[in-house]
$ cat query03.cif   # mmCIF, C-alpha atoms and all ligand atoms
data_input
loop_
_atom_site.label_atom_id
_atom_site.label_comp_id
_atom_site.auth_asym_id
_atom_site.auth_seq_id
_atom_site.Cartn_x
_atom_site.Cartn_y
_atom_site.Cartn_z
CA MET A 1 0.00 0.00 0.00
CA GLU A 2 1.26 3.48 -0.93
CA ILE A 3 1.35 5.65 2.22
CA PRO A 4 1.27 9.39 1.45
CA ARG A 5 4.30 11.04 3.13
CA SER A 6 2.12 13.94 4.19
CA HIS A 7 -0.23 11.66 6.13
CA PRO A 8 -0.12 12.77 9.79
CA ARG A 9 0.24 9.14 10.90
CA ALA A 10 2.55 8.03 8.07
CA GLU A 11 5.14 6.38 10.36
CA SER A 12 2.53 4.42 12.27
CA LEU A 13 0.95 3.25 8.99
CA ARG A 14 4.36 2.26 7.63
CA ILE A 15 4.97 0.07 10.68
CA ARG A 16 1.55 -1.57 10.30
CA GLU A 17 2.29 -2.32 6.64
CA ALA A 18 5.67 -3.85 7.56
CA LEU A 19 3.99 -6.16 10.09
CA LYS A 20 1.23 -7.10 7.64
CA LYS A 21 3.89 -7.99 5.06
CA GLY A 22 5.83 -9.91 7.73
CA PHE A 23 2.63 -11.81 8.51
CA GLU A 24 2.07 -12.67 4.83
CA GLU A 25 5.68 -13.85 4.57
CA GLY A 26 5.26 -16.11 7.60
CA LEU A 27 7.54 -14.27 10.06
CA VAL A 28 4.85 -12.70 12.23
CA VAL A 29 1.92 -14.60 13.75
CA GLU A 30 -1.66 -13.30 14.02
CA GLN A 31 -1.09 -12.86 17.75
CA GLY A 32 1.86 -10.62 16.87
CA LEU A 33 -0.52 -8.30 15.01
CA MET A 34 -2.76 -8.22 18.08
CA ALA A 35 0.23 -7.52 20.32
CA HIS A 36 1.13 -4.63 18.04
CA GLY A 37 -2.37 -3.15 18.42
CA ARG A 38 -2.00 -3.26 22.18
CA GLY A 39 1.42 -1.61 21.88
CA GLU A 40 -0.03 1.14 19.65
CA ALA A 41 -2.67 1.93 22.26
CA PHE A 42 -0.04 2.38 24.98
CA ASP A 43 2.14 4.39 22.61
CA TYR A 44 -0.78 6.77 22.15
CA LEU A 45 -1.00 7.21 25.90
CA LEU A 46 2.72 8.00 26.07
CA GLY A 47 2.46 10.61 23.29
CA GLU A 48 4.34 8.45 20.75
CA LYS A 49 7.74 9.65 21.89
CA THR A 50 10.59 8.41 24.04
CA ILE A 51 9.85 9.82 27.47
CA PRO A 52 12.78 10.79 29.76
CA LEU A 53 12.03 7.77 32.02
CA ALA A 54 12.55 5.45 29.05
CA ALA A 55 15.78 7.26 28.19
CA ASP A 56 16.94 6.59 31.78
CA ALA A 57 16.14 2.88 31.43
CA ILE A 58 17.95 2.77 28.07
CA LYS A 59 21.09 4.06 29.78
CA ILE A 60 20.85 1.33 32.45
CA ALA A 61 20.19 -1.33 29.80
CA ALA A 62 23.26 -0.20 27.84
CA ALA A 63 25.42 -0.36 30.96
CA ALA A 64 24.08 -3.84 31.85
CA LEU A 65 24.81 -5.12 28.34
CA LEU A 66 28.36 -3.74 28.46
CA LEU A 67 28.99 -5.32 31.88
CA ALA A 68 27.68 -8.72 30.78
CA ASP A 69 29.94 -11.71 30.17
CA LYS A 70 27.45 -13.47 27.92
CA PRO A 71 24.76 -11.10 26.65
CA VAL A 72 22.06 -12.43 24.31
CA ILE A 73 19.41 -10.64 22.25
CA SER A 74 16.26 -12.74 21.92
CA VAL A 75 14.36 -12.26 18.66
CA ASN A 76 10.71 -13.07 17.92
CA GLY A 77 8.61 -12.48 14.79
CA ASN A 78 7.69 -8.84 15.48
CA VAL A 79 11.26 -7.91 16.38
CA ALA A 80 12.67 -9.58 13.25
CA VAL A 81 10.31 -7.56 11.05
CA LEU A 82 10.51 -4.20 12.82
CA THR A 83 14.20 -3.90 13.73
CA PRO A 84 16.37 -6.60 12.07
CA LYS A 85 19.26 -4.25 11.27
CA GLU A 86 19.16 -2.71 14.76
CA VAL A 87 19.35 -6.20 16.33
CA VAL A 88 22.49 -6.92 14.32
CA ASP A 89 24.04 -3.51 15.07
CA LEU A 90 23.28 -3.80 18.79
CA ALA A 91 24.73 -7.32 18.93
CA GLU A 92 27.89 -6.02 17.33
CA ALA A 93 28.14 -2.94 19.58
CA ALA A 94 27.51 -4.91 22.79
CA GLY A 95 29.31 -8.13 21.83
CA ALA A 96 26.03 -10.02 22.19
CA LYS A 97 24.75 -13.18 20.55
CA ILE A 98 21.47 -13.25 18.63
CA GLU A 99 19.00 -16.04 19.38
CA VAL A 100 15.63 -16.73 17.76
CA ASN A 101 13.12 -17.63 20.45
CA LEU A 102 9.47 -17.97 19.54
CA PHE A 103 6.29 -18.37 21.52
CA TYR A 104 4.50 -19.81 18.47
CA ARG A 105 7.38 -21.92 17.34
CA THR A 106 7.50 -23.67 13.95
CA PRO A 107 10.59 -24.67 11.92
CA GLN A 108 9.27 -22.59 8.98
CA ARG A 109 9.05 -19.42 11.08
CA GLU A 110 12.46 -20.03 12.61
CA LYS A 111 14.00 -20.33 9.16
CA ALA A 112 12.22 -17.25 7.80
CA ILE A 113 13.36 -15.19 10.82
CA GLU A 114 16.92 -16.51 10.58
CA LYS A 115 16.96 -15.55 6.89
CA ARG A 116 15.72 -12.04 7.69
CA LEU A 117 18.44 -11.59 10.32
CA ARG A 118 21.14 -12.92 8.01
CA SER A 119 20.11 -10.53 5.24
CA ALA A 120 20.40 -7.73 7.80
CA GLY A 121 24.04 -8.80 8.34
CA ALA A 122 23.92 -11.38 11.16
CA ARG A 123 26.77 -13.87 10.91
CA GLU A 124 25.58 -16.17 13.67
CA VAL A 125 21.96 -16.87 14.59
CA LEU A 126 21.34 -19.18 17.54
CA GLY A 127 18.16 -20.93 18.59
CA VAL A 128 17.32 -22.31 15.20
CA ASP A 129 16.65 -26.03 15.17
CA PRO A 130 18.47 -28.30 15.73
CA SER A 131 20.69 -26.00 17.81
CA ALA A 132 17.91 -25.15 20.29
CA THR A 133 17.92 -28.41 22.18
CA ALA A 134 18.32 -27.12 25.72
CA GLU A 135 15.29 -26.29 27.88
CA LEU A 136 14.62 -23.67 30.53
CA PRO A 137 13.42 -25.55 33.61
CA GLY A 138 9.94 -24.72 34.88
CA LEU A 139 8.60 -23.19 31.67
CA GLU A 140 5.82 -24.92 29.73
CA SER A 141 5.57 -22.83 26.55
CA LEU A 142 7.75 -23.49 23.51
CA ARG A 143 9.82 -20.51 24.60
CA ARG A 144 11.47 -22.99 26.98
CA LYS A 145 13.55 -24.33 24.06
CA VAL A 146 16.81 -22.43 24.04
CA ASP A 147 20.31 -22.73 22.65
CA GLN A 148 22.98 -24.11 24.94
CA LYS A 149 25.43 -21.53 23.58
CA GLY A 150 22.93 -18.69 24.01
CA ILE A 151 20.09 -17.98 26.43
CA LEU A 152 20.82 -21.08 28.53
CA VAL A 153 24.20 -19.75 29.64
CA ALA A 154 23.57 -16.00 29.23
CA ASP A 155 23.91 -13.65 32.18
CA VAL A 156 22.05 -10.75 30.53
CA VAL A 157 19.16 -11.28 28.09
CA LEU A 158 17.36 -8.60 26.09
CA VAL A 159 13.81 -9.81 25.45
CA PRO A 160 11.78 -7.21 23.56
CA LEU A 161 7.98 -7.82 23.35
CA GLU A 162 8.12 -10.76 25.65
CA ASP A 163 5.58 -12.86 27.50
CA GLY A 164 5.60 -12.81 31.28
CA ASP A 165 6.25 -16.50 31.88
CA ARG A 166 9.66 -16.55 30.30
CA THR A 167 10.69 -13.29 31.94
CA GLU A 168 9.84 -14.78 35.34
CA THR A 169 11.70 -17.99 34.50
CA LEU A 170 14.81 -16.14 33.33
CA ARG A 171 14.80 -14.03 36.49
CA ARG A 172 14.38 -17.13 38.64
CA LEU A 173 17.45 -18.58 36.92
CA GLY A 174 19.41 -15.54 38.11
CA LYS A 175 19.67 -13.72 34.77
CA THR A 176 19.38 -9.99 34.26
CA VAL A 177 16.39 -9.44 31.97
CA ILE A 178 16.03 -6.28 29.91
CA THR A 179 12.76 -5.73 28.08
CA ILE A 180 11.30 -3.15 25.73
CA ASP A 181 7.54 -3.02 26.31
CA LEU A 182 5.14 -0.17 25.70
CA ASN A 183 2.80 -1.52 28.37
CA PRO A 184 4.17 -0.67 31.84
CA LEU A 185 1.44 -2.85 33.39
CA SER A 186 2.39 -6.07 31.59
CA ARG A 187 3.77 -8.97 33.62
CA THR A 188 6.99 -8.78 31.61
CA ALA A 189 7.37 -5.07 32.34
CA GLN A 190 6.69 -5.69 36.01
CA THR A 191 9.07 -8.63 36.44
CA ALA A 192 12.05 -7.64 34.26
CA SER A 193 15.24 -6.22 35.78
CA VAL A 194 15.18 -3.23 33.41
CA THR A 195 12.03 -2.20 31.52
CA ILE A 196 12.26 0.29 28.69
CA VAL A 197 8.72 1.63 28.30
CA ASP A 198 9.04 2.72 24.69
CA ASN A 199 8.35 1.60 21.15
CA LEU A 200 10.87 -0.94 19.91
CA VAL A 201 11.44 1.11 16.74
CA ARG A 202 12.45 4.19 18.75
CA ALA A 203 14.26 2.42 21.59
CA MET A 204 16.61 0.18 19.59
CA PRO A 205 18.53 2.98 17.80
CA LEU A 206 18.83 4.85 21.11
CA LEU A 207 20.10 1.74 22.85
CA ILE A 208 22.78 1.25 20.20
CA LYS A 209 23.84 4.89 20.56
CA GLU A 210 24.02 4.57 24.34
CA VAL A 211 26.10 1.36 24.19
CA ASN A 212 28.55 3.12 21.88
CA ARG A 213 28.63 6.19 24.13
CA LEU A 214 29.24 4.22 27.34
CA ARG A 215 31.73 1.76 25.91
CA GLY A 216 34.77 3.69 27.19
CA GLU A 217 33.42 4.07 30.75
CA LYS A 218 35.05 2.32 33.72
CA PRO A 219 33.19 -0.91 34.67
CA ASP A 220 32.96 0.28 38.30
CA LEU A 221 31.10 3.37 37.25
CA LEU A 222 28.75 1.34 35.03
CA ARG A 223 28.14 -1.10 37.88
CA LYS A 224 27.27 1.73 40.26
CA THR A 225 24.82 3.19 37.71
CA VAL A 226 23.09 -0.18 37.30
CA GLU A 227 22.97 -0.85 41.05
CA GLN A 228 21.35 2.52 41.76
CA PHE A 229 18.48 1.80 39.37
CA ASP A 230 15.18 0.52 40.77
CA ASN A 231 12.97 -0.83 37.99
CA ARG A 232 9.80 -0.80 40.08
CA VAL A 233 10.31 2.86 40.96
CA ASN A 234 10.91 3.74 37.32
CA LEU A 235 7.80 1.81 36.24
CA GLY A 236 5.70 3.56 38.88
CA LYS A 237 6.89 6.89 37.46
CA CYS A 238 5.99 5.75 33.91
CA ILE A 239 2.45 4.97 35.08
CA SER A 240 2.24 8.38 36.82
CA TYR A 241 3.53 10.01 33.63
CA ILE A 242 0.64 8.50 31.67
CA ALA A 243 -1.89 9.40 34.37
CA GLU A 244 -0.70 13.02 34.57
CA ARG A 245 -0.62 13.34 30.79
CA LEU A 246 -4.20 12.09 30.57
CA MET A 247 -5.31 14.50 33.31
CA HIS A 248 -3.70 17.35 31.41
CA ILE A 249 -5.34 16.31 28.12
CA SER A 250 -8.69 15.80 29.80
CA LYS A 251 -8.56 19.33 31.26
CA SER A 252 -7.57 20.97 27.97
CA THR A 253 -10.17 18.92 26.07
CA GLY A 254 -12.79 20.07 28.59
CA LYS A 255 -11.74 23.69 28.06
CA MET A 256 -12.00 23.31 24.28
CA SER A 257 -15.50 21.97 24.65
CA ASP A 258 -16.43 24.90 27.00
CA ASN A 259 -15.21 27.24 24.29
CA SER A 260 -17.22 25.52 21.61
CA ASN A 261 -20.28 26.10 23.77
CA GLY A 262 -20.15 29.77 22.90
CA GLU A 263 -17.68 31.25 25.40
CA GLN A 264 -15.37 32.58 22.74
O1 LIG A 301 6.88 -14.32 17.38
P1 LIG A 301 6.39 -15.10 18.58
O2 LIG A 301 5.81 -16.43 18.23
O3 LIG A 301 7.48 -15.27 19.62
O4 LIG A 301 5.22 -14.24 19.29
C1 LIG A 301 5.46 -12.90 19.59
C2 LIG A 301 4.29 -12.26 20.39
C3 LIG A 301 4.53 -10.75 20.42
C4 LIG A 301 2.99 -12.57 19.68
C5 LIG A 301 4.28 -12.87 21.80
O5 LIG A 301 5.49 -12.63 22.45
C6 LIG A 301 3.14 -12.32 22.62
O6 LIG A 301 2.04 -12.84 22.64
O7 LIG A 301 3.46 -11.22 23.33
P2 LIG A 301 2.40 -10.48 24.29
O8 LIG A 301 2.20 -11.28 25.52
O9 LIG A 301 1.23 -10.06 23.49
O10 LIG A 301 3.21 -9.19 24.69
C7 LIG A 301 3.68 -8.26 23.77
C8 LIG A 301 3.93 -6.94 24.51
O11 LIG A 301 4.65 -6.08 23.66
C9 LIG A 301 2.64 -6.19 24.91
O12 LIG A 301 2.76 -5.72 26.23
C10 LIG A 301 2.60 -4.98 23.94
O13 LIG A 301 2.05 -3.84 24.55
C11 LIG A 301 4.07 -4.77 23.64
N1 LIG A 301 4.34 -4.21 22.32
C12 LIG A 301 3.71 -4.43 21.14
N2 LIG A 301 4.30 -3.77 20.14
C13 LIG A 301 5.35 -3.12 20.67
C14 LIG A 301 5.40 -3.39 22.07
N3 LIG A 301 6.34 -2.89 22.87
C15 LIG A 301 7.29 -2.11 22.31
N4 LIG A 301 7.31 -1.80 20.98
C16 LIG A 301 6.39 -2.28 20.13
N5 LIG A 301 6.44 -1.97 18.83
#
$ encode --input "query03.cif" --output "structure tokens" --more "lines below"
Ligand code: PTJ
Amino acid sequence: MEIPRSHPRAESLRIREALKKGFEEGLVVEQGLMAHGRGEAFDYLLGEKTIPLAADAIKIAAAALLLADKPVISVNGNVAVLTPKEVVDLAEAAGAKIEVNLFYRTPQREKAIEKRLRSAGAREVLGVDPSATAELPGLESLRRKVDQKGILVADVVLVPLEDGDRTETLRRLGKTVITIDLNPLSRTAQTASVTIVDNLVRAMPLLIKEVNRLRGEKPDLLRKTVEQFDNRVNLGKCISYIAERLMHISKSTGKMSDNSNGEQ
């Protein structure tokens, strides 16, 4: 579909088209389209921009990735379609491995996603059968299948657009879990170690930039920055941000309607 550049919501429409195409090509599942709709709704509430609280979390995430011994970026269908190049660039900047890990797992989807990542420049893609033979204990979904060179032994895992069960399992196994999730109320957002409440398409380039900016910093300083961060406090502030923004909009909308009643 041709999207007019002048359309006020051109970027949002472009993303929808990319996901629709990804669905037709077998990378994205129907549930991924639904998840996107939920994300869009929360993005609307945030004002469709990276709020300062998300920028703070991005800084912490960058520091955690740089401090990690074995960082891994977990990729699902939506992530492979929306930010394949950014996944590859972030992996390179942070020295992380890339692993395909799907909730709705099929060999066809794994292959299509691997192919997309390789055309974006990935040299190694883990988690693609038959390499994903290890299992995360205590997890029932197909997300339990992981690569023994990747998520199984990782100390820090970036899991954008994740489901809550695996986040909880990864935390229970002692891993630092970073997520990017527009919904600050989701179980993933609430249980991760670092939650970036932002759109994946905005957060990934900023995360790459931050990793490159912090790369020269002393590990002690990075460690201190990470230790001082409280994810629950930051999430609480994100929820307040939305609430205050809505209060502000509701007041100004009320005023507009007063005016339209003949006050002006
Ligand atoms: O590709 P698969 O098989 O691994 O499946 C992927 C989906 C996304 C379908 C699966 O992980 C899933 O069902 O996820 P959930 O539980 O729907 O959670 C997705 C979360 O991501 C929700 O909280 C959405 O608000 C959020 N979200 C959606 N789009 C974006 C987003 N967050 C950041 N950026 C987005 N573009």
$ closest_residue --input "query03.cif" --among "A:Ala93, A:Val146, A:Ala80, A:Ala154" --to "Ala120 (chain A)" --atoms "only C-alpha atoms"
A:Ala80
$ atom_distance --input "query03.cif" --atom1 "CA of Val194 (chain A)" --atom2 "atom C7 of ligand LIG 301 (chain A)"
15.8 Å
$ residues_around --input "query03.cif" --residues "Arg171 (chain A)" --least-positions-apart "5" --cutoff "9 Å" --atoms "all atoms listed in the file" --output "PyMOL selection string"
chain A and resi 166+176-177+191-193
$ closest_residue --input "query03.cif" --among "A:Thr50, A:Asn78, A:Gln108, A:Thr225" --to "Glu30 (chain A)" --atoms "only C-alpha atoms"
A:Asn78
$ closest_residue --input "query03.cif" --among "A:Lys145, A:Arg116, A:Lys20, A:Lys59" --to "Arg213 (chain A)" --atoms "all atoms listed in the file"
A:Lys59
$ closest_atom_pairs --input "query03.cif" --of "chain A" --to "ligand LIG 301 (chain A)" --cutoff "6 Å" --atoms "all atoms listed in the file" --output "JSON lines"
{"residue": "A:Val28", "atom": "CA", "partner": "A:LIG301", "partner_atom": "O1", "distance": 5.8}
{"residue": "A:Gln31", "atom": "CA", "partner": "A:LIG301", "partner_atom": "C4", "distance": 4.5}
{"residue": "A:Gly32", "atom": "CA", "partner": "A:LIG301", "partner_atom": "C4", "distance": 3.6}
{"residue": "A:Ala35", "atom": "CA", "partner": "A:LIG301", "partner_atom": "O9", "distance": 4.2}
{"residue": "A:His36", "atom": "CA", "partner": "A:LIG301", "partner_atom": "N2", "distance": 3.9}
{"residue": "A:Arg38", "atom": "CA", "partner": "A:LIG301", "partner_atom": "O13", "distance": 4.7}
{"residue": "A:Gly39", "atom": "CA", "partner": "A:LIG301", "partner_atom": "O13", "distance": 3.5}
{"residue": "A:Asn76", "atom": "CA", "partner": "A:LIG301", "partner_atom": "O1", "distance": 4.1}
{"residue": "A:Gly77", "atom": "CA", "partner": "A:LIG301", "partner_atom": "O1", "distance": 3.6}
{"residue": "A:Asn78", "atom": "CA", "partner": "A:LIG301", "partner_atom": "O1", "distance": 5.9}
{"residue": "A:Leu102", "atom": "CA", "partner": "A:LIG301", "partner_atom": "O3", "distance": 3.4}
{"residue": "A:Phe103", "atom": "CA", "partner": "A:LIG301", "partner_atom": "O3", "distance": 3.8}
{"residue": "A:Tyr104", "atom": "CA", "partner": "A:LIG301", "partner_atom": "O2", "distance": 3.6}
{"residue": "A:Arg105", "atom": "CA", "partner": "A:LIG301", "partner_atom": "O2", "distance": 5.8}
{"residue": "A:Leu161", "atom": "CA", "partner": "A:LIG301", "partner_atom": "O11", "distance": 3.8}
{"residue": "A:Glu162", "atom": "CA", "partner": "A:LIG301", "partner_atom": "O5", "distance": 4.5}
{"residue": "A:Asp163", "atom": "CA", "partner": "A:LIG301", "partner_atom": "O8", "distance": 4.2}
{"residue": "A:Ile180", "atom": "CA", "partner": "A:LIG301", "partner_atom": "C15", "distance": 5.4}
{"residue": "A:Asp181", "atom": "CA", "partner": "A:LIG301", "partner_atom": "N3", "distance": 3.6}
{"residue": "A:Leu182", "atom": "CA", "partner": "A:LIG301", "partner_atom": "N3", "distance": 4.1}
{"residue": "A:Asn183", "atom": "CA", "partner": "A:LIG301", "partner_atom": "O13", "distance": 4.5}
{"residue": "A:Ser186", "atom": "CA", "partner": "A:LIG301", "partner_atom": "O12", "distance": 5.4}
{"residue": "A:Asp198", "atom": "CA", "partner": "A:LIG301", "partner_atom": "C15", "distance": 5.7}
{"residue": "A:Asn199", "atom": "CA", "partner": "A:LIG301", "partner_atom": "N4", "distance": 3.6}
{"residue": "A:Leu200", "atom": "CA", "partner": "A:LIG301", "partner_atom": "N4", "distance": 3.8}
$ residues_near_point --input "query03.cif" --point "(-1.2, -0.9, 32.2)" --cutoff "12 Å" --atoms "only C-alpha atoms" --output "list in words"
Arg38, Gly39, Ala41, Phe42, Asp43, Leu45, Leu46, Asp181, Leu182, Asn183, Pro184, Leu185, Ser186, Arg187, Thr188, Ala189, Gln190, Val197, Leu235, Gly236, Cys238, Ile239, Ser240, Tyr241, Ile242 and Ala243 of chain A
